[in-house]
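Participant: Here it is: the structure, laid out below.
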Amino acid sequence: MSAVRDMLCDTARAVFAEAACEGLAPVEAAGFGLLLVPENEDGLGGDWGDLNAVLRLAGTLVPDLGVEELMLSGLPEASEAHRAAATVGLMAGAMGQALTLSIEHVNTRQQFGRPLGKFQAVQQSLAAMACEVAAVDAAAAAMAARLDATAFGAAASGFEIAAAKLRANRAAGVVTAVAHQVHGAIGFTREYELHRVTIPLMRWRSAHGNDAYWAGLLGRRVADMGARGLWESMTARAG
Amino acid sequence: MQGFTLFDFDPPGDTIALRADLRAWLSEHQPQGDVVRRANCWASFDPDFSTALGKAGYIGMTLPERYGGGGRHPLERYVVIEELLAAGAPVGAHWIADRQTGPLILRYGSEEQRELYLPGIARGELYACIGLSEPGAGSDLAAVRTSARETADGWRVNGQKIWTTGAHFSHVILALVRTEEGSERNAGLSQLLIDLDTPGITIRPIVDMAGNHDFNEIFFDDVLVPHSALVGERGQGWRQVTAELALERSGPERYLSSHALFAALIDAAGPDPDPALATLIGELTAEMWTLRQLSMSTAAKLAAGEDPMVEASMVKELGNAFEQDMPRRVQAIVDCGWDDESDLARLLRALLIASPSFSLRGGTREVIRGIIARGLGLR
Ligand SMILES: Cc1cc2nc3c(=O)[nH]c(=O)nc-3n(C[C@H](O)[C@H](O)[C@H](O)COP(=O)(O)OP(=O)(O)OC[C@H]3O[C@@H](n4cnc5c(N)ncnc54)[C@H](O)[C@@H]3O)c2cc1C
C-alpha cells in the first residue's frame, strides 16, 4: 500500500472508532464524502483502491453505519453497479473480521483440555474459510484496479464488478456458516460481537444484485463472447 | 495470523506482444488431435511438441542464457504457461523439468549439474520426474525410507518410489532419500538427481482408473550413483523440497486443468443460453477470474523473492475445488448421455474420471488445509 493510502486508513480507523458511538457525523466531518472528488474540485482525489481500503475498514469496524452512500456521493452519477462495487469492499472487511474473531475464539476457548483450534476438524474449516476471505480480497482489489483504469466507468468495469460481487456473495455463505459454527453458542448471542459482521454479510449478499442476478448477467455476457473471447478479454484487462 | 498478501502482477517488457506471438505460434504448431487431450493437458505427453516449444524459446525461459535458457522474468514465464494451459497444449513431457527441476538445479545444484542438465531442459528434450512418494510415505512425506549410503565409489541407493508421474519417459528423477543412517523424520534427508538408465533401476507402470499410463513405481536395487548426484546440501533435503513445493503448488495449472471443458461448455451454450446454463457459466467465470488474480499475485510474490507457502496453498485449495467441482456442476445441468460422442460429452466424461486426482496430486486437500491452518496460527 502507498504511504498516502496508509495515512488515509489510519485516519479512517480513528474516525470509525468515534463513529461507532456517534454515528455518521464524524465520518462526514472528516471529509470522507469527498474521497472520490477530484482535487481540482476541492475533493481528496482518491481512487477506487483508496475507497476500497476505507470500505474494508468500515466493513470491519462499522458495518451498519451506511458509510458507503456517503462515500459514493462524491461520484457525479453513482449507479447500482457502483453500489455493488462498494459493497464488495465492505464484505471483504466484514469477512476478514469474522475470520479474525473466529481465530481468536478457537485459540482461547478450551474443550477436551485444549484450545478448539488444536482440533483438526476446526483447523480444516477455518482454512477453507480463510481461502474464501482471500478470494474476496483479491476480487475486490482487481475490481478496484479496473475501476481506476476506466475512470470509475461502471459499464467499462461491468465484467469485474459482476465477477467480484458474485464471488463475494458466494463467499458470504461459507464465511458466515463457518464463523458461527466454530463459535458455538456464544456467537449466537446478542452480546458477543460476531453478529455485528455476520448479519450485515447476510444482508449484503442480496443487496445490489444477488447471486442469480450477477451470475445470469455475467453468464450471458460470456456466452456472447465465446470461450476464446472470454480468455482474450480476461487477459487483455490485467497482466 | 498470516493471511493472503496481494502482490502486483507486473511483468517487464511487452506482455501483449508476448501473448500475441505465442498465440500465433500455437495456431501453427499446436497438434489438432483429439479434443480430450486438451483436458488436464499438463498430463499430455508429446515430445515433438515439447521440442518445437523449446526451439521457439518457451521452455526454460527463466534459466540464464549461459545454460541455454531465455534469461526472462518469472512473470513472463507465467504469461506463457497460462496461455499454453488455456489453449490445452500438450505440455506434459517437459512440464516438471521446466516448472521445478530446472529452477531447483539452478538454485541448489553444482556448476557441473547446471551445465549437464539445464541446456537439455531448456531445449524441451530432457525430462524429469519427482521422486517423493513411497508406499509408506504419502501425506506423511517425512516417513521416506529409500536410503542412500555414501561409499568410496558414490551413493548406493536402495528402496522404492511410487506414483512417479512420467518416470517411464523421463531421463532423470530428483529423489528424496535418507542419506544419514539412523536419522528420523525430516532430518537426514537429501536430494539426489539420478539418471534413470542407471543399472539396478526398475520402472513398472501403474495404470490409472482412466486407463492411462501416467504414473509408475520405481525400484532401486543397490543402484550406484556418482557422488556428484547430490543436489544442494547433504541433510538439507527437507528444506529444499519445501521450497520446490511452493513452485509446484502455485501455478495456473492448479485451476486450469478443466479449462477445456469450460471452453466447450461456453461454446456449446451459444450466444443465448437458457437461464440455468447462463447462471453456471457466470458462476464459473467469477470463480476463474478470481483464481487468476490469486494465482498471479502468488506468482508475483514468488518472483519478488518471498516465500508464498500459504498463498500457494490457498491457490491450490481453491483452484483444485474449482477444477474438480466443475465437471460435476456441468453434469448436473447439461443433458448429455455418458456415451455421447460430442466434444462436450467426451470432455465431461474424461474430466469426471480424472478429477478425483486433482485434490490428491501435489499434496492432498487435507494436507494443504493443514498448511493454511498453520499460517493462521492454529498449529
Ligand atoms: C495423479 C497423481 C500423480 C502423482 N504424481 C506424483 C509424482 O510425480 N511424484 C510423487 O512423489 N508423488 C506423486 N503423487 C503422489 C501424491 O503426492 C500422493 O498421492 C499424496 O501425497 C497423498 O499420499 P497417498 O496417496 O499415500 O494418500 P494418504 O497419505 O494415504 O492419504 C489418504 C487420505 O487420508 C488423508 N490423510 C492422510 N493423513 C492425514 C492426516 N494427518 N490428517 C488428515 N487427513 C489425512 C489424506 O488427505 C487423503 O485424503 C501423485 C498422485 C496422483 C494422484
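We name chains A, B, ... following the order of the C-alpha cells; residues begin at 1 in each chain, and ligands are numbered from 1 as shown.
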Can you write out as JSON lines which residues of chain B fall within 7 Å of ligand 1, alongside each residue's closest atom pair and its distance in Å to one decimal, counting only C-alpha atoms and all ligand atoms and ordering rows by chain and ascending residue number?
Facilitator:
{"residue": "B:Cys129", "atom": "CA", "partner": "ligand 1", "partner_atom_place_in_ligand_line": "8 (O)", "distance": 5.9}
{"residue": "B:Ile130", "atom": "CA", "partner": "ligand 1", "partner_atom_place_in_ligand_line": "9 (N)", "distance": 4.4}
{"residue": "B:Gly131", "atom": "CA", "partner": "ligand 1", "partner_atom_place_in_ligand_line": "11 (O)", "distance": 4.5}
{"residue": "B:Leu132", "atom": "CA", "partner": "ligand 1", "partner_atom_place_in_ligand_line": "11 (O)", "distance": 3.4}
{"residue": "B:Ser133", "atom": "CA", "partner": "ligand 1", "partner_atom_place_in_ligand_line": "11 (O)", "distance": 3.7}
{"residue": "B:Pro135", "atom": "CA", "partner": "ligand 1", "partner_atom_place_in_ligand_line": "26 (O)", "distance": 6.8}
{"residue": "B:Ala137", "atom": "CA", "partner": "ligand 1", "partner_atom_place_in_ligand_line": "26 (O)", "distance": 6.2}
{"residue": "B:Gly138", "atom": "CA", "partner": "ligand 1", "partner_atom_place_in_ligand_line": "23 (O)", "distance": 3.3}
{"residue": "B:Ser139", "atom": "CA", "partner": "ligand 1", "partner_atom_place_in_ligand_line": "29 (O)", "distance": 3.6}
{"residue": "B:Asp140", "atom": "CA", "partner": "ligand 1", "partner_atom_place_in_ligand_line": "29 (O)", "distance": 6.1}
{"residue": "B:Ile162", "atom": "CA", "partner": "ligand 1", "partner_atom_place_in_ligand_line": "11 (O)", "distance": 6.5}
{"residue": "B:Trp163", "atom": "CA", "partner": "ligand 1", "partner_atom_place_in_ligand_line": "13 (C)", "distance": 4.6}
{"residue": "B:Thr164", "atom": "CA", "partner": "ligand 1", "partner_atom_place_in_ligand_line": "8 (O)", "distance": 3.8}
{"residue": "B:Thr165", "atom": "CA", "partner": "ligand 1", "partner_atom_place_in_ligand_line": "8 (O)", "distance": 3.8}
{"residue": "B:Gly166", "atom": "CA", "partner": "ligand 1", "partner_atom_place_in_ligand_line": "8 (O)", "distance": 6.9}
{"residue": "B:Phe215", "atom": "CA", "partner": "ligand 1", "partner_atom_place_in_ligand_line": "3 (C)", "distance": 6.3}
{"residue": "B:Ser357", "atom": "CA", "partner": "ligand 1", "partner_atom_place_in_ligand_line": "53 (C)", "distance": 4.5}
{"residue": "B:Leu360", "atom": "CA", "partner": "ligand 1", "partner_atom_place_in_ligand_line": "53 (C)", "distance": 5.1}
{"residue": "B:Arg361", "atom": "CA", "partner": "ligand 1", "partner_atom_place_in_ligand_line": "51 (C)", "distance": 4.1}
{"residue": "B:Gly362", "atom": "CA", "partner": "ligand 1", "partner_atom_place_in_ligand_line": "17 (O)", "distance": 4.9}
{"residue": "B:Gly363", "atom": "CA", "partner": "ligand 1", "partner_atom_place_in_ligand_line": "21 (O)", "distance": 4.7}
{"residue": "B:Thr364", "atom": "CA", "partner": "ligand 1", "partner_atom_place_in_ligand_line": "47 (O)", "distance": 4.7}
{"residue": "B:Arg365", "atom": "CA", "partner": "ligand 1", "partner_atom_place_in_ligand_line": "47 (O)", "distance": 5.8}
{"residue": "B:Glu366", "atom": "CA", "partner": "ligand 1", "partner_atom_place_in_ligand_line": "47 (O)", "distance": 4.3}
{"residue": "B:Val367", "atom": "CA", "partner": "ligand 1", "partner_atom_place_in_ligand_line": "47 (O)", "distance": 5.6}
Participant: Store the residues of this selection in a file with C-alpha atoms, as a compact mmCIF listing (two decimals), in the first residue's frame.
Facilitator:
# COMPACT_ATOMS: atom_id res chain seq x y z
CA CYS B 129 10.17 -36.73 -12.59
CA ILE B 130 9.53 -36.15 -8.89
CA GLY B 131 10.63 -38.91 -6.53
CA LEU B 132 8.91 -38.08 -3.27
CA SER B 133 6.10 -40.54 -2.52
CA PRO B 135 4.43 -46.87 -0.34
CA ALA B 137 5.22 -42.17 2.76
CA GLY B 138 2.26 -40.39 1.16
CA SER B 139 0.88 -37.42 3.06
CA ASP B 140 3.47 -38.22 5.70
CA ILE B 162 5.68 -44.78 -6.18
CA TRP B 163 3.12 -42.69 -8.11
CA THR B 164 6.03 -41.20 -10.03
CA THR B 165 4.42 -39.32 -12.92
CA GLY B 166 6.30 -39.63 -16.20
CA PHE B 215 2.43 -42.80 -13.12
CA SER B 357 -6.76 -36.85 -8.60
CA LEU B 360 -4.53 -35.58 -4.28
CA ARG B 361 -1.56 -34.83 -6.54
CA GLY B 362 0.89 -32.26 -5.24
CA GLY B 363 -0.40 -32.62 -1.66
CA THR B 364 -3.90 -33.62 -0.62
CA ARG B 365 -6.65 -31.18 0.27
CA GLU B 366 -6.31 -32.08 3.95
CA VAL B 367 -2.54 -31.55 3.95
Participant: B:Ala89: which residues within 9 Å, counting only C-alpha atoms, same-chain residues fewer than 2 positions away excluded, as number ranges by chain?
Facilitator: B: 26, 30-31, 37-38, 41-42, 44, 49, 83-87, 91-92
Participant: Save out the residues we just selected, C-alpha atoms, as a CSV table (one decimal), in the first residue's frame.
Facilitator:
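The resulting file, selection.csv, is shown below:
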chain,number,residue,atom,x,y,z
B,26,LEU,CA,0.3,-22.1,-31.2
B,30,GLN,CA,-0.5,-27.0,-31.6
B,31,PRO,CA,-1.5,-30.5,-32.6
B,37,ARG,CA,-6.1,-34.4,-25.0
B,38,ARG,CA,-6.7,-30.7,-24.2
B,41,CYS,CA,-3.2,-31.0,-20.6
B,42,TRP,CA,-0.2,-30.8,-18.4
B,44,SER,CA,-0.5,-34.9,-22.0
B,49,PHE,CA,5.6,-30.6,-29.3
B,83,GLU,CA,-1.6,-19.3,-22.4
B,84,LEU,CA,-0.4,-22.8,-23.0
B,85,LEU,CA,-2.7,-24.2,-20.5
B,86,ALA,CA,-5.7,-22.2,-21.6
B,87,ALA,CA,-5.1,-23.5,-25.2
B,91,VAL,CA,3.0,-29.7,-22.3
B,92,GLY,CA,3.2,-32.9,-20.1
Participant: Check stretch 83-200 of chain B with DSSP on the backbone and list each residue it calls helix (DSSP H, G or I), as a CSV table (one decimal) with all heavy atoms, in the first residue's frame.
Facilitator:
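Below is the file that was written, selection.csv:
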chain,number,residue,atom,x,y,z
B,83,GLU,N,-1.1,-19.2,-21.0
B,83,GLU,CA,-1.6,-19.3,-22.4
B,83,GLU,C,-1.6,-20.7,-22.9
B,83,GLU,O,-2.5,-21.2,-23.5
B,83,GLU,CB,-0.7,-18.4,-23.3
B,83,GLU,CG,-1.0,-16.9,-23.2
B,83,GLU,CD,-2.3,-16.5,-23.7
B,83,GLU,OE1,-2.9,-17.1,-24.6
B,83,GLU,OE2,-2.9,-15.5,-23.1
B,84,LEU,N,-0.5,-21.4,-22.6
B,84,LEU,CA,-0.4,-22.8,-23.0
B,84,LEU,C,-1.5,-23.7,-22.4
B,84,LEU,O,-2.1,-24.5,-23.1
B,84,LEU,CB,1.0,-23.4,-22.7
B,84,LEU,CG,2.2,-22.8,-23.5
B,84,LEU,CD1,3.5,-23.3,-22.8
B,84,LEU,CD2,2.1,-23.3,-24.9
B,85,LEU,N,-1.7,-23.4,-21.1
B,85,LEU,CA,-2.7,-24.2,-20.5
B,85,LEU,C,-4.2,-23.9,-20.9
B,85,LEU,O,-5.0,-24.8,-21.1
B,85,LEU,CB,-2.7,-24.0,-18.9
B,85,LEU,CG,-1.4,-24.6,-18.3
B,85,LEU,CD1,-1.3,-24.0,-16.8
B,85,LEU,CD2,-1.3,-26.1,-18.3
B,86,ALA,N,-4.4,-22.6,-21.2
B,86,ALA,CA,-5.7,-22.2,-21.6
B,86,ALA,C,-6.0,-22.8,-23.0
B,86,ALA,O,-7.1,-23.1,-23.4
B,86,ALA,CB,-5.9,-20.7,-21.6
B,87,ALA,N,-4.9,-22.9,-23.8
B,87,ALA,CA,-5.1,-23.5,-25.2
B,87,ALA,C,-5.2,-25.0,-25.1
B,87,ALA,O,-5.5,-25.6,-26.1
B,87,ALA,CB,-3.9,-23.0,-26.0
B,92,GLY,N,2.9,-31.9,-21.2
B,92,GLY,CA,3.2,-32.9,-20.1
B,92,GLY,C,4.7,-33.4,-20.1
B,92,GLY,O,5.2,-33.6,-19.1
B,93,ALA,N,5.3,-33.6,-21.3
B,93,ALA,CA,6.6,-34.2,-21.3
B,93,ALA,C,7.6,-33.4,-20.6
B,93,ALA,O,8.4,-33.9,-19.7
B,93,ALA,CB,7.1,-34.4,-22.8
B,94,HIS,N,7.7,-32.1,-20.8
B,94,HIS,CA,8.7,-31.2,-20.2
B,94,HIS,C,8.2,-30.5,-19.0
B,94,HIS,O,9.0,-29.8,-18.3
B,94,HIS,CB,9.2,-30.2,-21.2
B,94,HIS,CG,8.1,-29.2,-21.6
B,94,HIS,ND1,7.2,-29.4,-22.6
B,94,HIS,CD2,7.7,-28.0,-21.0
B,94,HIS,CE1,6.3,-28.4,-22.6
B,94,HIS,NE2,6.6,-27.5,-21.6
B,95,TRP,N,6.9,-30.7,-18.6
B,95,TRP,CA,6.3,-29.9,-17.6
B,95,TRP,C,7.1,-29.8,-16.3
B,95,TRP,O,7.4,-28.7,-15.7
B,95,TRP,CB,4.9,-30.3,-17.3
B,95,TRP,CG,4.1,-29.4,-16.4
B,95,TRP,CD1,3.8,-29.6,-15.1
B,95,TRP,CD2,3.6,-28.1,-16.8
B,95,TRP,NE1,3.1,-28.6,-14.6
B,95,TRP,CE2,2.9,-27.6,-15.6
B,95,TRP,CE3,3.6,-27.4,-17.9
B,95,TRP,CZ2,2.3,-26.4,-15.6
B,95,TRP,CZ3,2.9,-26.1,-17.9
B,95,TRP,CH2,2.3,-25.7,-16.8
B,96,ILE,N,7.4,-31.0,-15.7
B,96,ILE,CA,8.0,-31.0,-14.4
B,96,ILE,C,9.5,-30.4,-14.5
B,96,ILE,O,9.9,-29.7,-13.6
B,96,ILE,CB,8.0,-32.4,-13.8
B,96,ILE,CG1,6.5,-32.7,-13.4
B,96,ILE,CG2,8.9,-32.6,-12.6
B,96,ILE,CD1,6.2,-34.2,-13.2
B,97,ALA,N,10.2,-30.8,-15.5
B,97,ALA,CA,11.6,-30.3,-15.7
B,97,ALA,C,11.6,-28.8,-15.7
B,97,ALA,O,12.4,-28.1,-15.1
B,97,ALA,CB,12.2,-30.9,-16.9
B,98,ASP,N,10.6,-28.2,-16.5
B,98,ASP,CA,10.6,-26.8,-16.7
B,98,ASP,C,10.1,-26.1,-15.5
B,98,ASP,O,10.6,-25.0,-15.1
B,98,ASP,CB,9.6,-26.5,-17.9
B,98,ASP,CG,9.5,-25.0,-18.1
B,98,ASP,OD1,10.5,-24.3,-18.3
B,98,ASP,OD2,8.3,-24.5,-18.1
B,99,ARG,N,9.1,-26.6,-14.8
B,99,ARG,CA,8.5,-26.0,-13.6
B,99,ARG,C,9.4,-26.0,-12.4
B,99,ARG,O,9.5,-25.0,-11.7
B,99,ARG,CB,7.1,-26.6,-13.3
B,99,ARG,CG,6.5,-26.0,-12.1
B,99,ARG,CD,5.1,-26.7,-11.8
B,99,ARG,NE,5.3,-28.0,-11.3
B,99,ARG,CZ,4.3,-28.9,-11.1
B,99,ARG,NH1,3.0,-28.5,-11.3
B,99,ARG,NH2,4.5,-30.1,-10.7
B,100,GLN,N,9.9,-27.2,-12.1
B,100,GLN,CA,10.6,-27.3,-10.8
B,100,GLN,C,12.0,-27.8,-10.8
B,100,GLN,O,12.8,-27.4,-10.1
B,100,GLN,CB,9.7,-28.0,-9.8
B,100,GLN,CG,9.4,-29.5,-10.1
B,100,GLN,CD,8.2,-29.9,-9.3
B,100,GLN,OE1,7.1,-29.7,-9.7
B,100,GLN,NE2,8.4,-30.6,-8.1
B,101,THR,N,12.2,-28.9,-11.7
B,101,THR,CA,13.6,-29.4,-11.6
B,101,THR,C,14.6,-28.5,-12.1
B,101,THR,O,15.7,-28.3,-11.4
B,101,THR,CB,13.6,-30.8,-12.4
B,101,THR,OG1,12.4,-31.5,-12.2
B,101,THR,CG2,14.8,-31.6,-11.9
B,102,GLY,N,14.4,-27.8,-13.2
B,102,GLY,CA,15.3,-26.8,-13.7
B,102,GLY,C,15.6,-25.7,-12.7
B,102,GLY,O,16.8,-25.5,-12.3
B,103,PRO,N,14.6,-25.0,-12.2
B,103,PRO,CA,14.8,-24.0,-11.2
B,103,PRO,C,15.5,-24.5,-10.0
B,103,PRO,O,16.4,-23.8,-9.4
B,103,PRO,CB,13.4,-23.5,-10.9
B,103,PRO,CG,12.6,-23.8,-12.1
B,103,PRO,CD,13.2,-25.0,-12.7
B,104,LEU,N,15.2,-25.7,-9.5
B,104,LEU,CA,15.9,-26.3,-8.4
B,104,LEU,C,17.3,-26.5,-8.6
B,104,LEU,O,18.2,-26.2,-7.8
B,104,LEU,CB,15.2,-27.6,-7.9
B,104,LEU,CG,15.6,-28.0,-6.5
B,104,LEU,CD1,14.5,-27.7,-5.5
B,104,LEU,CD2,16.0,-29.4,-6.5
B,105,ILE,N,17.7,-27.1,-9.8
B,105,ILE,CA,19.1,-27.3,-10.1
B,105,ILE,C,19.8,-26.0,-10.2
B,105,ILE,O,20.9,-25.8,-9.7
B,105,ILE,CB,19.2,-28.0,-11.5
B,105,ILE,CG1,18.7,-29.5,-11.4
B,105,ILE,CG2,20.7,-28.1,-11.9
B,105,ILE,CD1,18.6,-30.2,-12.7
B,106,LEU,N,19.2,-25.0,-10.7
B,106,LEU,CA,19.8,-23.6,-10.8
B,106,LEU,C,20.1,-23.1,-9.4
B,106,LEU,O,21.2,-22.5,-9.1
B,106,LEU,CB,18.9,-22.7,-11.6
B,106,LEU,CG,19.5,-21.3,-11.7
B,106,LEU,CD1,20.7,-21.3,-12.7
B,106,LEU,CD2,18.4,-20.3,-12.3
B,107,ARG,N,19.1,-23.3,-8.5
B,107,ARG,CA,19.3,-22.7,-7.2
B,107,ARG,C,20.2,-23.5,-6.3
B,107,ARG,O,21.1,-22.9,-5.6
B,107,ARG,CB,17.9,-22.7,-6.5
B,107,ARG,CG,17.9,-22.1,-5.1
B,107,ARG,CD,16.5,-21.5,-4.8
B,107,ARG,NE,16.5,-21.3,-3.3
B,107,ARG,CZ,15.4,-21.2,-2.6
B,107,ARG,NH1,14.2,-21.4,-3.2
B,107,ARG,NH2,15.4,-20.9,-1.3
B,108,TYR,N,20.1,-24.8,-6.3
B,108,TYR,CA,20.9,-25.6,-5.4
B,108,TYR,C,22.0,-26.4,-6.0
B,108,TYR,O,22.9,-27.0,-5.3
B,108,TYR,CB,20.0,-26.6,-4.6
B,108,TYR,CG,19.0,-25.9,-3.7
B,108,TYR,CD1,17.6,-25.9,-4.0
B,108,TYR,CD2,19.4,-25.2,-2.5
B,108,TYR,CE1,16.7,-25.3,-3.2
B,108,TYR,CE2,18.5,-24.6,-1.7
B,108,TYR,CZ,17.1,-24.6,-2.1
B,108,TYR,OH,16.2,-24.0,-1.3
B,111,GLU,N,27.8,-26.4,-10.3
B,111,GLU,CA,28.1,-25.9,-11.7
B,111,GLU,C,28.0,-27.1,-12.7
B,111,GLU,O,27.5,-26.9,-13.8
B,111,GLU,CB,29.4,-25.2,-11.7
B,111,GLU,CG,29.7,-24.4,-13.0
B,111,GLU,CD,28.6,-23.4,-13.3
B,111,GLU,OE1,28.0,-22.8,-12.3
B,111,GLU,OE2,28.3,-23.2,-14.5
B,112,GLU,N,28.6,-28.2,-12.3
B,112,GLU,CA,28.6,-29.3,-13.2
B,112,GLU,C,27.2,-29.8,-13.5
B,112,GLU,O,26.9,-30.1,-14.7
B,112,GLU,CB,29.4,-30.5,-12.5
B,112,GLU,CG,29.6,-31.7,-13.3
B,112,GLU,CD,30.0,-32.9,-12.5
B,112,GLU,OE1,30.7,-32.7,-11.4
B,112,GLU,OE2,29.8,-34.1,-12.9
B,113,GLN,N,26.3,-29.9,-12.5
B,113,GLN,CA,24.9,-30.3,-12.7
B,113,GLN,C,24.2,-29.3,-13.6
B,113,GLN,O,23.5,-29.7,-14.5
B,113,GLN,CB,24.2,-30.4,-11.4
B,113,GLN,CG,24.6,-31.6,-10.6
B,113,GLN,CD,24.1,-31.6,-9.2
B,113,GLN,OE1,23.9,-30.5,-8.6
B,113,GLN,NE2,24.0,-32.7,-8.5
B,114,ARG,N,24.5,-28.0,-13.4
B,114,ARG,CA,23.8,-27.0,-14.2
B,114,ARG,C,24.2,-27.2,-15.7
B,114,ARG,O,23.3,-27.1,-16.6
B,114,ARG,CB,24.2,-25.6,-13.8
B,114,ARG,CG,23.7,-25.2,-12.4
B,114,ARG,CD,24.2,-23.9,-12.0
B,114,ARG,NE,23.8,-23.5,-10.7
B,114,ARG,CZ,24.3,-22.5,-10.0
B,114,ARG,NH1,25.2,-21.7,-10.6
B,114,ARG,NH2,23.8,-22.2,-8.9
B,115,GLU,N,25.5,-27.3,-15.9
B,115,GLU,CA,25.9,-27.4,-17.3
B,115,GLU,C,25.4,-28.7,-18.0
B,115,GLU,O,25.2,-28.8,-19.2
B,115,GLU,CB,27.5,-27.3,-17.4
B,115,GLU,CG,27.9,-25.9,-17.3
B,115,GLU,CD,29.4,-25.8,-17.0
B,115,GLU,OE1,30.1,-26.8,-17.2
B,115,GLU,OE2,29.8,-24.6,-16.7
B,116,LEU,N,25.3,-29.8,-17.1
B,116,LEU,CA,24.9,-31.1,-17.7
B,116,LEU,C,23.4,-31.1,-18.0
B,116,LEU,O,23.0,-31.7,-19.0
B,116,LEU,CB,25.3,-32.1,-16.6
B,116,LEU,CG,25.3,-33.6,-17.0
B,116,LEU,CD1,26.3,-33.8,-18.2
B,116,LEU,CD2,25.6,-34.5,-15.8
B,117,TYR,N,22.6,-30.5,-17.2
B,117,TYR,CA,21.2,-30.7,-17.3
B,117,TYR,C,20.4,-29.5,-17.9
B,117,TYR,O,19.4,-29.7,-18.6
B,117,TYR,CB,20.6,-31.1,-16.0
B,117,TYR,CG,21.1,-32.4,-15.4
B,117,TYR,CD1,21.9,-32.5,-14.3
B,117,TYR,CD2,20.7,-33.6,-16.1
B,117,TYR,CE1,22.4,-33.7,-13.8
B,117,TYR,CE2,21.2,-34.9,-15.6
B,117,TYR,CZ,22.0,-34.9,-14.5
B,117,TYR,OH,22.5,-36.1,-14.0
B,118,LEU,N,20.8,-28.3,-17.5
B,118,LEU,CA,19.9,-27.2,-17.9
B,118,LEU,C,19.7,-27.0,-19.4
B,118,LEU,O,18.6,-26.7,-19.8
B,118,LEU,CB,20.4,-25.9,-17.2
B,118,LEU,CG,20.3,-26.0,-15.6
B,118,LEU,CD1,20.7,-24.6,-15.0
B,118,LEU,CD2,18.9,-26.4,-15.1
B,119,PRO,N,20.8,-27.1,-20.2
B,119,PRO,CA,20.5,-26.9,-21.6
B,119,PRO,C,19.5,-27.9,-22.2
B,119,PRO,O,18.6,-27.4,-23.0
B,119,PRO,CB,21.9,-27.1,-22.2
B,119,PRO,CG,22.9,-26.8,-21.1
B,119,PRO,CD,22.2,-27.3,-19.9
B,120,GLY,N,19.6,-29.1,-21.8
B,120,GLY,CA,18.6,-30.1,-22.3
B,120,GLY,C,17.2,-29.8,-21.9
B,120,GLY,O,16.2,-29.9,-22.6
B,121,ILE,N,17.1,-29.3,-20.6
B,121,ILE,CA,15.7,-28.9,-20.1
B,121,ILE,C,15.2,-27.8,-20.9
B,121,ILE,O,14.0,-27.8,-21.4
B,121,ILE,CB,15.8,-28.6,-18.6
B,121,ILE,CG1,16.1,-29.8,-17.8
B,121,ILE,CG2,14.6,-27.8,-18.1
B,121,ILE,CD1,16.3,-29.6,-16.3
B,122,ALA,N,16.1,-26.8,-21.2
B,122,ALA,CA,15.6,-25.6,-21.9
B,122,ALA,C,15.3,-25.9,-23.4
B,122,ALA,O,14.4,-25.3,-24.0
B,122,ALA,CB,16.7,-24.5,-21.9
B,123,ARG,N,15.9,-27.0,-23.9
B,123,ARG,CA,15.5,-27.4,-25.3
B,123,ARG,C,14.2,-28.1,-25.3
B,123,ARG,O,13.7,-28.4,-26.4
B,123,ARG,CB,16.6,-28.3,-25.9
B,123,ARG,CG,17.9,-27.5,-26.4
B,123,ARG,CD,18.7,-28.5,-27.3
B,123,ARG,NE,19.0,-29.7,-26.7
B,123,ARG,CZ,20.1,-29.9,-25.9
B,123,ARG,NH1,20.9,-28.9,-25.6
B,123,ARG,NH2,20.3,-31.1,-25.4
B,141,LEU,N,5.2,-37.3,4.3
B,141,LEU,CA,6.4,-37.4,3.5
B,141,LEU,C,7.7,-37.7,4.3
B,141,LEU,O,8.6,-38.3,3.8
B,141,LEU,CB,6.5,-36.1,2.6
B,141,LEU,CG,7.7,-36.1,1.6
B,141,LEU,CD1,7.6,-37.2,0.6
B,141,LEU,CD2,7.6,-34.7,0.9
B,142,ALA,N,7.7,-37.2,5.5
B,142,ALA,CA,8.9,-37.4,6.4
B,142,ALA,C,9.1,-38.9,6.7
B,142,ALA,O,10.2,-39.2,7.3
B,142,ALA,CB,8.8,-36.6,7.6
B,143,ALA,N,8.2,-39.7,6.3
B,143,ALA,CA,8.4,-41.2,6.6
B,143,ALA,C,9.2,-41.8,5.5
B,143,ALA,O,9.4,-43.1,5.4
B,143,ALA,CB,7.1,-41.9,6.7
Participant: Would you mind telling me which residue in A:Asp42, A:Glu28, A:Asp137, A:Asp6 lies nearest to chain B when using only C-alpha atoms?
Facilitator: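 Ranking A:Asp42, A:Glu28, A:Asp137, A:Asp6 by distance to chain B, first place goes to A:Asp137.
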Participant: Specify as a VMD selection string all residues of chain B found within 8 Å of chain A, counting only C-alpha atoms.
Facilitator: chain B and resid 3 to 4 6 9 to 11 15 to 16 79 86 262 to 264 266 to 267 269 to 273 275 277 to 283 285 to 287 289 to 291 293 to 294 314 317 to 318 366 369 to 370 372 to 373 376 378 to 379
Participant: Do you know which residues are at most 10 Å from B:Ser250 counting only C-alpha atoms, after dropping those on the same chain fewer than 6 positions away, and could you put them as an MDAnalysis selection string?
Facilitator: chainID B and resid 294:299 302 308:317 319
Participant: Return as a compact mmCIF listing (two decimals) with N, CA, C and O atoms, in the first residue's frame the full set of residues in stretch 79-212 of chain A whose backbone-based DSSP assignment is strand (DSSP E).
Facilitator:
# COMPACT_ATOMS: atom_id res chain seq x y z
N GLN A 110 -11.36 -23.40 25.37
CA GLN A 110 -10.86 -24.76 25.56
C GLN A 110 -12.01 -25.75 25.73
O GLN A 110 -12.99 -25.47 26.42
N GLN A 111 -11.85 -26.89 25.12
CA GLN A 111 -12.74 -28.05 25.35
C GLN A 111 -11.87 -29.30 25.26
O GLN A 111 -10.88 -29.30 24.53
N ARG A 114 -8.03 -28.81 25.61
CA ARG A 114 -7.14 -27.99 24.78
C ARG A 114 -7.93 -26.96 23.97
O ARG A 114 -9.16 -27.08 23.85
N PRO A 115 -7.23 -25.95 23.44
CA PRO A 115 -7.94 -24.96 22.63
C PRO A 115 -8.61 -25.63 21.44
O PRO A 115 -8.04 -26.56 20.85
Participant: Find the distance between atom CA of B:Ser190 and atom CA of B:Gln236 and write it in Å to one decimal.
Facilitator: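 These two atoms are separated by 5.7 Å.
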Participant: From the set B:Ala300, B:Ile368, B:Leu196, B:Leu265, which residue has the shortest atom-to-atom contact distance to B:Val330, counting only C-alpha atoms?
Facilitator: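 Nearest to B:Val330: B:Leu265.
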